[in-house]
file protein.txt (compact mmCIF, C-alpha atoms)
# COMPACT_ATOMS: atom_id res chain seq x y z
CA MET A 1 107.11 -112.69 131.93
CA ALA A 2 103.63 -111.40 132.71
CA LYS A 3 102.18 -111.97 136.14
CA VAL A 4 99.49 -114.62 135.74
CA ASP A 5 97.31 -115.47 138.73
CA THR A 6 94.79 -118.29 138.72
CA LEU A 7 91.68 -118.62 140.83
CA THR A 8 90.56 -122.24 140.97
CA PHE A 9 87.15 -123.68 141.83
CA GLY A 10 86.15 -127.32 142.06
CA CYS A 11 88.05 -130.55 141.69
CA ARG A 12 91.65 -131.72 141.95
CA LEU A 13 91.83 -131.93 138.18
CA ASN A 14 91.12 -128.21 138.01
CA ALA A 15 93.89 -127.60 140.55
CA TYR A 16 96.31 -129.51 138.33
CA GLU A 17 95.16 -127.75 135.19
CA SER A 18 95.52 -124.34 136.81
CA GLU A 19 99.22 -125.05 137.24
CA VAL A 20 99.48 -125.88 133.53
CA ILE A 21 97.54 -122.73 132.65
CA ARG A 22 99.78 -120.54 134.80
CA THR A 23 102.87 -121.90 133.06
CA LEU A 24 101.47 -121.62 129.53
CA ALA A 25 99.97 -118.16 129.99
CA GLY A 26 102.95 -116.75 131.87
CA GLU A 27 105.27 -117.72 129.03
CA ALA A 28 103.05 -116.19 126.34
CA LEU A 29 101.13 -113.19 127.67
CA GLY A 30 102.53 -109.69 127.76
CA GLU A 31 100.28 -108.29 130.46
CA ASP A 32 99.08 -109.20 133.93
CA VAL A 33 95.93 -111.28 134.00
CA LEU A 34 93.70 -113.29 136.35
CA ILE A 35 92.48 -116.60 134.93
CA VAL A 36 89.43 -118.00 136.70
CA ASN A 37 89.21 -121.79 136.32
CA SER A 38 85.55 -122.40 137.09
CA CYS A 39 83.44 -125.35 138.21
CA ALA A 40 79.93 -126.28 137.05
CA VAL A 41 79.09 -129.15 139.39
CA THR A 42 76.50 -127.06 141.30
CA GLY A 43 74.70 -123.78 140.79
CA GLU A 44 76.44 -122.54 143.94
CA ALA A 45 79.85 -123.16 142.35
CA VAL A 46 78.85 -121.01 139.38
CA ARG A 47 77.53 -118.29 141.68
CA GLN A 48 80.77 -118.26 143.67
CA ALA A 49 82.82 -117.87 140.49
CA ARG A 50 80.72 -114.92 139.34
CA GLN A 51 80.96 -113.34 142.78
CA ALA A 52 84.75 -113.76 142.86
CA ILE A 53 85.08 -112.19 139.41
CA ARG A 54 83.14 -109.12 140.47
CA LYS A 55 85.19 -108.76 143.65
CA ALA A 56 88.51 -109.12 141.81
CA LYS A 57 87.50 -106.38 139.38
CA ARG A 58 86.34 -104.08 142.19
CA ASP A 59 89.64 -104.58 144.00
CA ASN A 60 91.68 -103.94 140.84
CA PRO A 61 89.74 -102.12 138.09
CA ASP A 62 92.65 -102.42 135.64
CA LEU A 63 92.85 -106.21 136.00
CA ARG A 64 92.15 -108.29 132.90
CA ILE A 65 90.04 -111.36 133.76
CA VAL A 66 89.82 -114.51 131.64
CA VAL A 67 87.27 -117.20 132.53
CA THR A 68 87.65 -120.86 131.65
CA GLY A 69 86.76 -124.26 133.13
CA CYS A 70 83.55 -126.28 133.20
CA ALA A 71 81.18 -123.40 133.96
CA ALA A 72 82.73 -121.37 131.15
CA GLN A 73 82.15 -124.33 128.85
CA THR A 74 78.52 -124.93 129.84
CA GLU A 75 77.50 -121.31 130.51
CA ALA A 76 79.77 -119.39 128.13
CA GLU A 77 77.26 -116.67 127.32
CA THR A 78 76.56 -116.03 131.02
CA PHE A 79 80.21 -115.20 131.69
CA GLY A 80 80.60 -113.46 128.34
CA ALA A 81 77.84 -111.03 129.34
CA MET A 82 79.76 -109.92 132.44
CA ASP A 83 81.39 -106.52 131.98
CA GLU A 84 84.22 -107.60 134.30
CA VAL A 85 85.29 -110.42 131.96
CA ALA A 86 87.69 -109.77 129.08
CA LEU A 87 87.61 -113.24 127.54
CA VAL A 88 85.91 -116.64 127.94
CA ILE A 89 87.77 -119.72 126.71
CA GLY A 90 86.65 -123.34 126.67
CA ASN A 91 87.97 -126.35 128.57
CA HIS A 92 89.81 -127.72 125.54
CA GLU A 93 91.30 -124.37 124.57
CA LYS A 94 92.62 -123.59 128.05
CA LEU A 95 95.42 -126.18 127.83
CA LYS A 96 96.66 -125.26 124.36
CA PRO A 97 99.85 -123.12 124.19
CA GLU A 98 98.58 -121.39 121.05
CA THR A 99 95.56 -120.08 122.98
CA TYR A 100 97.83 -117.82 124.99
CA ARG A 101 100.23 -116.98 122.18
CA THR A 102 97.34 -115.56 120.14
CA MET A 103 95.20 -114.29 123.01
CA ARG A 104 93.68 -110.82 122.69
CA LEU A 105 92.13 -109.19 125.72
CA ASP A 106 90.79 -106.11 123.92
CA LEU A 107 88.06 -107.84 121.90
CA PRO A 108 84.59 -106.29 121.53
CA ALA A 109 81.88 -107.85 123.65
CA THR A 110 80.45 -109.73 120.66
CA GLU A 111 83.73 -111.59 120.10
CA LYS A 112 85.02 -112.36 123.58
CA VAL A 113 83.56 -115.89 123.88
CA LYS A 114 85.99 -118.47 122.45
CA VAL A 115 84.38 -121.81 123.34
CA ASN A 116 84.29 -124.72 120.92
CA ASP A 117 82.28 -127.97 120.93
CA ILE A 118 83.85 -130.06 123.71
CA MET A 119 81.91 -133.14 122.60
CA ALA A 120 83.97 -133.24 119.40
CA VAL A 121 87.28 -133.52 121.28
CA THR A 122 88.91 -136.95 121.00
CA GLU A 123 92.49 -136.51 122.15
CA THR A 124 94.12 -135.88 125.51
CA ALA A 125 97.56 -134.35 125.38
CA GLY A 126 100.07 -135.06 128.10
CA HIS A 127 100.50 -131.73 129.85
CA LEU A 128 103.89 -132.22 131.42
CA ILE A 129 104.95 -129.94 134.25
CA ASP A 130 107.87 -130.43 136.60
CA GLY A 131 106.01 -129.71 139.81
CA LEU A 132 103.27 -127.66 141.42
CA ASP A 133 104.13 -124.34 142.98
CA GLY A 134 103.95 -124.43 146.77
CA ARG A 135 102.55 -127.95 147.01
CA ALA A 136 104.01 -130.98 148.73
CA ARG A 137 102.13 -133.40 146.49
CA ALA A 138 101.67 -133.36 142.74
CA PHE A 139 98.53 -134.13 140.75
CA VAL A 140 98.83 -135.98 137.46
CA GLN A 141 96.00 -136.00 134.96
CA VAL A 142 95.51 -139.50 133.56
CA GLN A 143 92.02 -139.11 132.10
CA ASN A 144 89.53 -136.44 131.11
CA GLY A 145 85.86 -136.37 130.19
CA CYS A 146 83.04 -138.80 130.90
CA ASP A 147 80.91 -141.13 128.77
CA HIS A 148 78.33 -141.76 131.50
CA ARG A 149 75.13 -139.76 131.79
CA CYS A 150 74.15 -139.57 135.43
CA THR A 151 70.88 -137.67 135.48
CA PHE A 152 72.08 -134.95 137.88
CA CYS A 153 75.44 -134.22 136.27
CA ILE A 154 76.38 -131.44 133.84
CA ILE A 155 80.11 -132.31 133.82
CA PRO A 156 80.14 -134.47 130.64
CA PHE A 157 78.99 -131.38 128.76
CA GLY A 158 81.82 -129.37 130.29
CA ARG A 159 84.54 -131.98 129.84
CA GLY A 160 83.51 -133.92 126.75
CA PRO A 161 83.94 -137.66 126.07
CA SER A 162 86.22 -139.88 128.13
CA ARG A 163 89.81 -139.95 126.90
CA SER A 164 92.95 -141.31 128.50
CA VAL A 165 96.60 -140.29 128.64
CA PRO A 166 98.86 -143.14 127.40
CA MET A 167 100.50 -145.14 130.19
CA GLY A 168 104.01 -144.35 128.99
CA GLU A 169 103.40 -140.60 129.20
CA VAL A 170 101.95 -140.92 132.71
CA VAL A 171 104.89 -143.01 133.92
CA GLU A 172 107.43 -140.58 132.45
CA GLN A 173 105.69 -137.61 134.03
CA ILE A 174 105.69 -139.28 137.44
CA LYS A 175 109.36 -140.19 137.06
CA LEU A 176 110.07 -136.51 136.48
CA LEU A 177 108.06 -135.45 139.52
CA ALA A 178 109.71 -138.06 141.73
CA GLY A 179 113.10 -136.94 140.44
CA ASN A 180 112.21 -133.38 141.41
CA GLY A 181 111.60 -134.46 144.98
CA TYR A 182 107.85 -134.97 145.13
CA ALA A 183 107.11 -137.68 147.70
CA GLU A 184 103.46 -138.11 146.75
CA VAL A 185 101.62 -138.13 143.44
CA VAL A 186 97.83 -138.14 143.07
CA LEU A 187 96.27 -139.66 139.95
CA THR A 188 93.36 -137.50 138.92
CA GLY A 189 90.73 -137.18 136.22
CA VAL A 190 87.00 -136.75 135.72
CA ASP A 191 86.17 -140.48 135.79
CA ILE A 192 89.48 -142.24 136.27
CA THR A 193 88.06 -145.74 136.69
CA SER A 194 87.01 -145.48 133.04
CA TYR A 195 90.69 -145.13 132.12
CA GLY A 196 92.01 -147.02 129.11
CA PRO A 197 89.37 -148.34 126.67
CA ASP A 198 90.31 -145.66 124.13
CA LEU A 199 94.03 -146.62 124.19
CA PRO A 200 95.81 -149.41 122.28
CA GLY A 201 95.50 -152.66 124.23
CA GLN A 202 92.73 -151.15 126.38
CA PRO A 203 94.66 -150.95 129.68
CA SER A 204 92.75 -150.38 132.91
CA LEU A 205 93.32 -148.03 135.82
CA GLY A 206 94.66 -150.99 137.80
CA LYS A 207 97.19 -151.79 135.06
CA LEU A 208 98.29 -148.15 135.06
CA VAL A 209 98.77 -148.21 138.84
CA GLN A 210 100.82 -151.41 138.57
CA GLN A 211 103.03 -149.85 135.88
CA ILE A 212 103.67 -146.76 137.98
CA LEU A 213 104.56 -148.77 141.07
CA ARG A 214 106.83 -151.04 139.03
CA HIS A 215 108.62 -148.40 136.94
CA VAL A 216 108.88 -145.52 139.45
CA PRO A 217 110.44 -147.26 142.47
CA ASP A 218 111.68 -143.92 143.88
CA LEU A 219 108.13 -142.62 144.41
CA PRO A 220 107.26 -143.12 148.10
CA ARG A 221 103.50 -142.49 147.89
CA LEU A 222 100.90 -142.91 145.16
CA ARG A 223 97.33 -141.79 145.79
CA ILE A 224 94.16 -142.22 143.73
CA SER A 225 91.48 -139.57 143.58
CA SER A 226 87.74 -140.26 143.37
CA ILE A 227 86.76 -143.61 141.87
CA ASP A 228 83.61 -145.37 140.74
CA SER A 229 83.95 -148.54 142.81
CA ILE A 230 81.75 -150.63 140.51
CA GLU A 231 84.41 -150.19 137.79
CA ALA A 232 87.39 -151.16 139.97
CA ASP A 233 89.21 -153.93 138.07
CA ASP A 234 91.10 -156.95 139.45
CA ALA A 235 94.47 -155.29 138.87
CA LEU A 236 93.44 -152.30 140.96
CA MET A 237 92.25 -154.53 143.79
CA GLU A 238 95.54 -156.45 143.69
CA SER A 239 97.43 -153.14 143.89
CA LEU A 240 95.73 -152.22 147.17
CA SER A 241 98.16 -154.48 149.02
CA ASP A 242 101.18 -152.40 147.90
CA PRO A 243 102.27 -150.19 150.82
CA ARG A 244 103.21 -147.36 148.45
CA LEU A 245 99.58 -147.06 147.29
CA MET A 246 97.94 -144.99 150.00
CA PRO A 247 95.16 -146.68 152.04
CA HIS A 248 92.56 -144.06 151.21
CA LEU A 249 89.93 -144.24 148.48
CA HIS A 250 87.27 -141.65 147.76
CA LEU A 251 84.07 -143.16 146.38
CA SER A 252 81.70 -141.51 143.92
CA LEU A 253 78.78 -142.83 145.96
CA GLN A 254 76.11 -140.10 145.58
CA SER A 255 73.40 -141.95 147.54
CA GLY A 256 72.88 -144.92 149.83
CA ASP A 257 69.39 -145.72 148.55
CA ASP A 258 68.80 -148.08 145.61
CA MET A 259 65.80 -146.25 144.16
CA ILE A 260 67.59 -142.91 144.20
CA LEU A 261 70.69 -144.52 142.67
CA LYS A 262 68.52 -145.86 139.84
CA ARG A 263 66.92 -142.46 139.30
CA MET A 264 70.39 -140.94 139.24
CA LYS A 265 71.30 -143.54 136.59
CA ARG A 266 74.25 -144.71 138.65
CA ARG A 267 75.83 -148.07 137.82
CA HIS A 268 76.00 -149.43 141.36
CA LEU A 269 73.55 -150.29 144.11
CA ARG A 270 73.91 -150.01 147.87
CA ASP A 271 75.12 -153.58 148.38
CA ASP A 272 77.74 -153.15 145.65
CA THR A 273 79.35 -150.38 147.68
CA LEU A 274 79.28 -152.37 150.90
CA ARG A 275 80.82 -155.41 149.18
CA PHE A 276 83.57 -153.27 147.67
CA VAL A 277 84.40 -151.67 151.01
CA GLN A 278 84.52 -155.08 152.69
CA GLU A 279 86.79 -156.56 150.01
CA ALA A 280 89.13 -153.57 149.98
CA ARG A 281 89.51 -153.78 153.75
CA ARG A 282 90.11 -157.52 153.53
CA ILE A 283 93.05 -156.81 151.20
CA ARG A 284 94.20 -153.71 153.13
CA PRO A 285 92.84 -153.63 156.71
CA GLU A 286 93.93 -150.02 157.29
CA MET A 287 91.99 -148.76 154.24
CA VAL A 288 89.74 -145.75 154.86
CA PHE A 289 87.07 -144.28 152.64
CA GLY A 290 85.65 -140.95 151.67
CA ALA A 291 82.50 -140.42 149.62
CA ASP A 292 80.51 -137.86 147.68
CA ILE A 293 76.84 -137.88 148.72
CA ILE A 294 74.00 -135.74 147.37
CA ALA A 295 71.22 -134.76 149.78
CA GLY A 296 67.69 -134.09 148.60
CA PHE A 297 67.73 -135.55 145.10
CA PRO A 298 64.24 -135.26 143.53
CA THR A 299 61.75 -137.79 144.99
CA GLU A 300 64.01 -138.54 148.00
CA THR A 301 61.78 -139.47 150.93
CA GLU A 302 62.85 -139.48 154.55
CA ASP A 303 63.27 -143.28 154.40
CA MET A 304 65.44 -143.00 151.29
CA PHE A 305 67.52 -140.32 152.97
CA ALA A 306 67.87 -142.57 156.03
CA ASN A 307 69.62 -145.14 153.81
CA SER A 308 72.21 -142.53 152.81
CA LEU A 309 72.63 -141.52 156.42
CA ALA A 310 73.06 -145.14 157.51
CA ILE A 311 75.65 -146.06 154.87
CA ILE A 312 78.10 -143.57 156.40
CA ASP A 313 78.20 -145.78 159.50
CA GLU A 314 77.86 -149.11 157.68
CA ALA A 315 80.78 -148.39 155.34
CA ASP A 316 82.63 -146.35 158.00
CA ILE A 317 83.07 -143.37 155.67
CA ILE A 318 85.30 -140.85 157.42
CA HIS A 319 85.94 -138.28 154.68
CA THR A 320 82.54 -137.01 153.53
CA HIS A 321 81.94 -134.54 150.71
CA ILE A 322 78.28 -133.56 150.93
CA PHE A 323 76.23 -131.57 148.39
CA PRO A 324 72.63 -130.42 148.70
CA TYR A 325 71.09 -131.31 145.34
CA SER A 326 71.38 -128.46 142.83
CA GLU A 327 69.31 -128.31 139.64
CA ARG A 328 71.52 -127.97 136.58
CA GLN A 329 69.71 -126.80 133.47
CA GLY A 330 69.97 -129.35 130.67
CA THR A 331 70.18 -132.43 132.91
CA PRO A 332 67.37 -135.03 133.12
CA ALA A 333 67.12 -134.70 136.91
CA ALA A 334 66.16 -131.04 136.56
CA ARG A 335 62.95 -132.22 134.86
CA ILE A 336 62.02 -134.78 137.54
CA PRO A 337 58.89 -133.67 139.45
CA ASN A 338 58.45 -133.97 143.21
CA LYS A 339 61.39 -131.78 144.11
CA VAL A 340 62.65 -131.79 147.69
CA PRO A 341 62.32 -128.27 149.17
CA LYS A 342 65.65 -126.46 149.24
CA ALA A 343 65.50 -125.89 152.99
CA LEU A 344 65.03 -129.63 153.52
CA ARG A 345 67.95 -130.41 151.18
CA LYS A 346 70.17 -128.18 153.30
CA GLU A 347 68.88 -129.74 156.52
CA ARG A 348 69.58 -133.25 155.23
CA ALA A 349 73.02 -132.21 154.02
CA ALA A 350 73.78 -130.90 157.50
CA ARG A 351 72.73 -134.22 159.03
CA LEU A 352 74.99 -136.11 156.61
CA ARG A 353 77.89 -133.82 157.50
CA GLU A 354 77.26 -134.39 161.20
CA ALA A 355 77.31 -138.16 160.69
CA GLY A 356 80.52 -137.89 158.70
CA ALA A 357 82.07 -135.67 161.35
CA ARG A 358 81.29 -138.27 164.02
CA ARG A 359 82.94 -141.04 161.98
CA PHE A 360 85.93 -138.80 161.33
CA ALA A 361 86.32 -137.95 165.02
CA ALA A 362 85.99 -141.60 166.04
CA HIS A 363 88.67 -142.62 163.56
CA CYS A 364 90.99 -139.85 164.73
CA THR A 365 90.50 -141.00 168.32
CA SER A 366 91.60 -144.50 167.30
CA ARG A 367 94.93 -143.12 165.98
CA VAL A 368 95.98 -141.36 169.20
CA GLY A 369 99.09 -142.98 170.65
CA LEU A 370 100.11 -144.55 167.31
CA SER A 371 102.98 -143.68 165.02
CA GLU A 372 102.06 -142.32 161.58
CA ARG A 373 104.08 -141.50 158.49
CA VAL A 374 103.15 -137.92 157.68
CA LEU A 375 103.80 -135.93 154.52
CA VAL A 376 104.51 -132.35 155.61
CA GLU A 377 102.41 -130.05 153.41
CA GLN A 378 103.36 -126.73 154.95
CA SER A 379 104.88 -125.42 158.13
CA GLY A 380 102.99 -126.97 161.03
CA MET A 381 100.67 -129.22 159.00
CA GLY A 382 100.79 -132.56 157.21
CA ARG A 383 98.71 -135.59 156.16
CA THR A 384 98.90 -139.23 157.17
CA GLU A 385 98.72 -142.09 154.68
CA GLN A 386 94.96 -142.22 155.41
CA PHE A 387 94.76 -138.50 154.52
CA LEU A 388 94.14 -137.37 158.09
CA PRO A 389 95.39 -133.83 158.80
CA VAL A 390 98.06 -133.59 161.50
CA ALA A 391 99.25 -130.46 163.26
CA LEU A 392 102.93 -130.85 164.11
CA GLU A 393 106.09 -128.88 164.75
CA GLY A 394 109.14 -129.39 162.57
CA GLY A 395 109.63 -130.99 159.21
CA LEU A 396 110.05 -129.31 155.86
CA PRO A 397 107.29 -129.19 153.21
CA GLY A 398 107.58 -132.29 151.05
CA GLU A 399 109.28 -134.41 153.73
CA ILE A 400 107.80 -137.63 155.08
CA VAL A 401 108.32 -137.79 158.83
CA ASP A 402 107.46 -140.34 161.50
CA VAL A 403 105.04 -138.74 163.92
CA ARG A 404 103.67 -139.97 167.24
CA ILE A 405 100.02 -138.94 167.46
CA SER A 406 99.62 -137.18 170.80
CA GLY A 407 96.05 -135.93 170.60
CA MET A 408 93.30 -134.36 168.54
CA SER A 409 92.67 -130.86 167.22
CA ASP A 410 89.62 -129.20 165.69
CA GLN A 411 90.89 -130.16 162.24
CA GLY A 412 92.11 -133.69 162.99
CA LEU A 413 95.21 -134.89 164.79
CA GLU A 414 98.16 -133.45 166.67
CA GLY A 415 101.53 -135.13 166.67
CA VAL A 416 105.19 -134.94 167.61
CA PRO A 417 107.84 -135.87 165.03
CA VAL A 418 109.92 -138.82 166.15
CA ARG A 419 112.49 -138.88 163.40
CA ARG A 420 112.74 -138.26 159.71
CA ALA A 421 111.35 -141.26 157.85
CA ALA A 422 113.57 -143.11 155.39

call {"tool": "encode", "arguments": {"input": "protein.txt", "output": "structure tokens"}}
result
Amino acid sequence: MAKVDTLTFGCRLNAYESEVIRTLAGEALGEDVLIVNSCAVTGEAVRQARQAIRKAKRDNPDLRIVVTGCAAQTEAETFGAMDEVALVIGNHEKLKPETYRTMRLDLPATEKVKVNDIMAVTETAGHLIDGLDGRARAFVQVQNGCDHRCTFCIIPFGRGPSRSVPMGEVVEQIKLLAGNGYAEVVLTGVDITSYGPDLPGQPSLGKLVQQILRHVPDLPRLRISSIDSIEADDALMESLSDPRLMPHLHLSLQSGDDMILKRMKRRHLRDDTLRFVQEARRIRPEMVFGADIIAGFPTETEDMFANSLAIIDEADIIHTHIFPYSERQGTPAARIPNKVPKALRKERAARLREAGARRFAAHCTSRVGLSERVLVEQSGMGRTEQFLPVALEGGLPGEIVDVRISGMSDQGLEGVPVRRAA
């Protein structure tokens, strides 16, 4: 079997898909190759991918490099023009076994871009794997693509229309992972709260979660990746009370100001988020939240920015993922006048990160002296149910251990294992 390395940028879905790619390519290719699974969410992500490709080729001039992912889909010609790149394949092609069985890495420059129209894709295959190499938790793709058109976002053009994996396939995959010893599974996708309308019976994300919890009783922990809270259905809210569904939700928030949300063409307003957070905590008092927030969207005034800054405290968001706004060619927001200067975007992003860091530190302080159930990810490190990192001694990767939180570290918490959890 050829040695296939993957270099992954971007989201959890990419991390999952890189595992599929490594398996498919390793079984089919006859030579060593590096497959770069790129991200297009910001211009910086594209730049980092190009930089990494050049470095990999400098370090190993004989290395064959294949580029795929969202940036390869949206900027195929850019990567195809790089001398370091042997082949560019699209997001749909990257998960097809036949792509690797027929792959040629000696094509002339005029033929090395193999990217089809992602908007014509209608099906999502269940890409079943029996685990993820070196990881304590497994990611399961339940949905791909997006039908929404937020003005800042290029991802629908990299991922195509929304399409869902049938519930039965998801449940069977998670049964397999639980049977292979995975204690935690993360449901992932591009827009997972849009799960289901394209399937028979039009199930929802909440119905899928209920089916998993009901039919995979041996799975200790189920986690949901980023959600659009305005699309959370009643079944999902009911599921929050189940102790096996982790009390941590990451919100696709983007801004805390109503005017900016409207100009982003988001489907929620500020008060919608605050009501959702309040209701989720009513059902599950220990629930914590993360959020994606963009700083410096076009036309954002200081007062508008102040609303984003304030919502971190008002919603008690402890896991922040902050982006300075990045123009993406082909999106409506790139054509909006009254751009915020890039230096000011970065300065506002730093202030958002500082506010998030304060909330995170305050929450960590509140956990000192308590007992937490921690999934050991690697030697000396694990995560609580609220996704707080814990430095600890003992425990094997993949185990859930009871840990007494003894203090705080630069990254989060420190703890001492009490006993192995049942």

call {"tool": "closest_atom_pairs", "arguments": {"input": "protein.txt", "of": "stretch 133-215 of chain A", "to": "stretch 15-28 of chain A", "cutoff": "12 Å", "atoms": "only C-alpha atoms", "output": "tab-separated table"}}
result
residue	atom	partner	partner_atom	distance
A:Asp133	CA	A:Glu19	CA	7.6
A:Gly134	CA	A:Glu19	CA	10.7
A:Arg135	CA	A:Glu19	CA	10.7
A:Arg137	CA	A:Tyr16	CA	10.8
A:Ala138	CA	A:Tyr16	CA	7.9
A:Phe139	CA	A:Tyr16	CA	5.7
A:Val140	CA	A:Tyr16	CA	7.0
A:Gln141	CA	A:Tyr16	CA	7.3
A:Val142	CA	A:Tyr16	CA	11.1
A:Asn144	CA	A:Glu17	CA	11.1
A:Val185	CA	A:Tyr16	CA	11.3
A:Val186	CA	A:Tyr16	CA	10.0
A:Leu187	CA	A:Tyr16	CA	10.3
A:Thr188	CA	A:Tyr16	CA	8.5
A:Gly189	CA	A:Tyr16	CA	9.7

call {"tool": "residues_around", "arguments": {"input": "protein.txt", "residues": "A:Leu236", "least_positions_apart": "6", "cutoff": "9 Å", "atoms": "only C-alpha atoms", "output": "PyMOL selection string"}}
result
chain A and resi 204-210

call {"tool": "residues_around", "arguments": {"input": "protein.txt", "residues": "A:Leu344", "least_positions_apart": "2", "cutoff": "12 Å", "atoms": "all atoms listed in the file", "output": "list in words"}}
result
Ala295, Gly296, Phe297, Pro298, Glu300, Thr301, Glu302, Phe305, Pro324, Tyr325, Lys339, Val340, Pro341, Lys342, Lys346, Glu347, Arg348, Ala349, Ala350 and Arg351 of chain A

call {"tool": "atom_distance", "arguments": {"input": "protein.txt", "atom1": "atom CA of A:Glu393", "atom2": "atom CA of A:Gln378"}}
result
10.4 Å

call {"tool": "residues_near_point", "arguments": {"input": "protein.txt", "point": "(82.5, -139.6, 157.8)", "cutoff": "9 Å", "atoms": "all atoms listed in the file", "output": "number ranges by chain"}}
result
A: 289-291, 312-313, 316-321, 352-361, 363

call {"tool": "residues_around", "arguments": {"input": "protein.txt", "residues": "A:Ser225", "least_positions_apart": "3", "cutoff": "10 Å", "atoms": "all atoms listed in the file", "output": "ChimeraX atom specification"}}
result
/A:11-13,139,186-193,248-252

call {"tool": "atom_distance", "arguments": {"input": "protein.txt", "atom1": "atom CA of A:Ile336", "atom2": "atom CA of A:Ile294"}}
result
15.5 Å

call {"tool": "closest_residue", "arguments": {"input": "protein.txt", "among": "A:Gln202, A:Val416, A:Val401, A:Asp218", "to": "A:Leu177", "atoms": "only C-alpha atoms"}}
result
A:Asp218

call {"tool": "closest_residue", "arguments": {"input": "protein.txt", "among": "A:Glu111, A:Asp5, A:Glu238, A:Asp106", "to": "A:Gly80", "atoms": "all atoms listed in the file"}}
result
A:Glu111

call {"tool": "residues_near_point", "arguments": {"input": "protein.txt", "point": "(83.8, -117.0, 144.8)", "cutoff": "12 Å", "atoms": "only C-alpha atoms", "output": "list in words"}}
result
Leu7, Thr8, Phe9, Gly10, Val36, Asn37, Ser38, Cys39, Glu44, Ala45, Val46, Arg47, Gln48, Ala49, Arg50, Gln51, Ala52, Ile53, Arg54, Lys55 and Ala56 of chain A

call {"tool": "write_last_selection", "arguments": {"input": "protein.txt", "atoms": "C-alpha atoms", "output": "PDB file, in the coordinates of the input"}}
result
ATOM      1  CA  LEU A   7      91.680-118.620 140.830  1.00  0.00           C
ATOM      2  CA  THR A   8      90.560-122.240 140.970  1.00  0.00           C
ATOM      3  CA  PHE A   9      87.150-123.680 141.830  1.00  0.00           C
ATOM      4  CA  GLY A  10      86.150-127.320 142.060  1.00  0.00           C
ATOM      5  CA  VAL A  36      89.430-118.000 136.700  1.00  0.00           C
ATOM      6  CA  ASN A  37      89.210-121.790 136.320  1.00  0.00           C
ATOM      7  CA  SER A  38      85.550-122.400 137.090  1.00  0.00           C
ATOM      8  CA  CYS A  39      83.440-125.350 138.210  1.00  0.00           C
ATOM      9  CA  GLU A  44      76.440-122.540 143.940  1.00  0.00           C
ATOM     10  CA  ALA A  45      79.850-123.160 142.350  1.00  0.00           C
ATOM     11  CA  VAL A  46      78.850-121.010 139.380  1.00  0.00           C
ATOM     12  CA  ARG A  47      77.530-118.290 141.680  1.00  0.00           C
ATOM     13  CA  GLN A  48      80.770-118.260 143.670  1.00  0.00           C
ATOM     14  CA  ALA A  49      82.820-117.870 140.490  1.00  0.00           C
ATOM     15  CA  ARG A  50      80.720-114.920 139.340  1.00  0.00           C
ATOM     16  CA  GLN A  51      80.960-113.340 142.780  1.00  0.00           C
ATOM     17  CA  ALA A  52      84.750-113.760 142.860  1.00  0.00           C
ATOM     18  CA  ILE A  53      85.080-112.190 139.410  1.00  0.00           C
ATOM     19  CA  ARG A  54      83.140-109.120 140.470  1.00  0.00           C
ATOM     20  CA  LYS A  55      85.190-108.760 143.650  1.00  0.00           C
ATOM     21  CA  ALA A  56      88.510-109.120 141.810  1.00  0.00           C
TER      22      ALA A  56
END
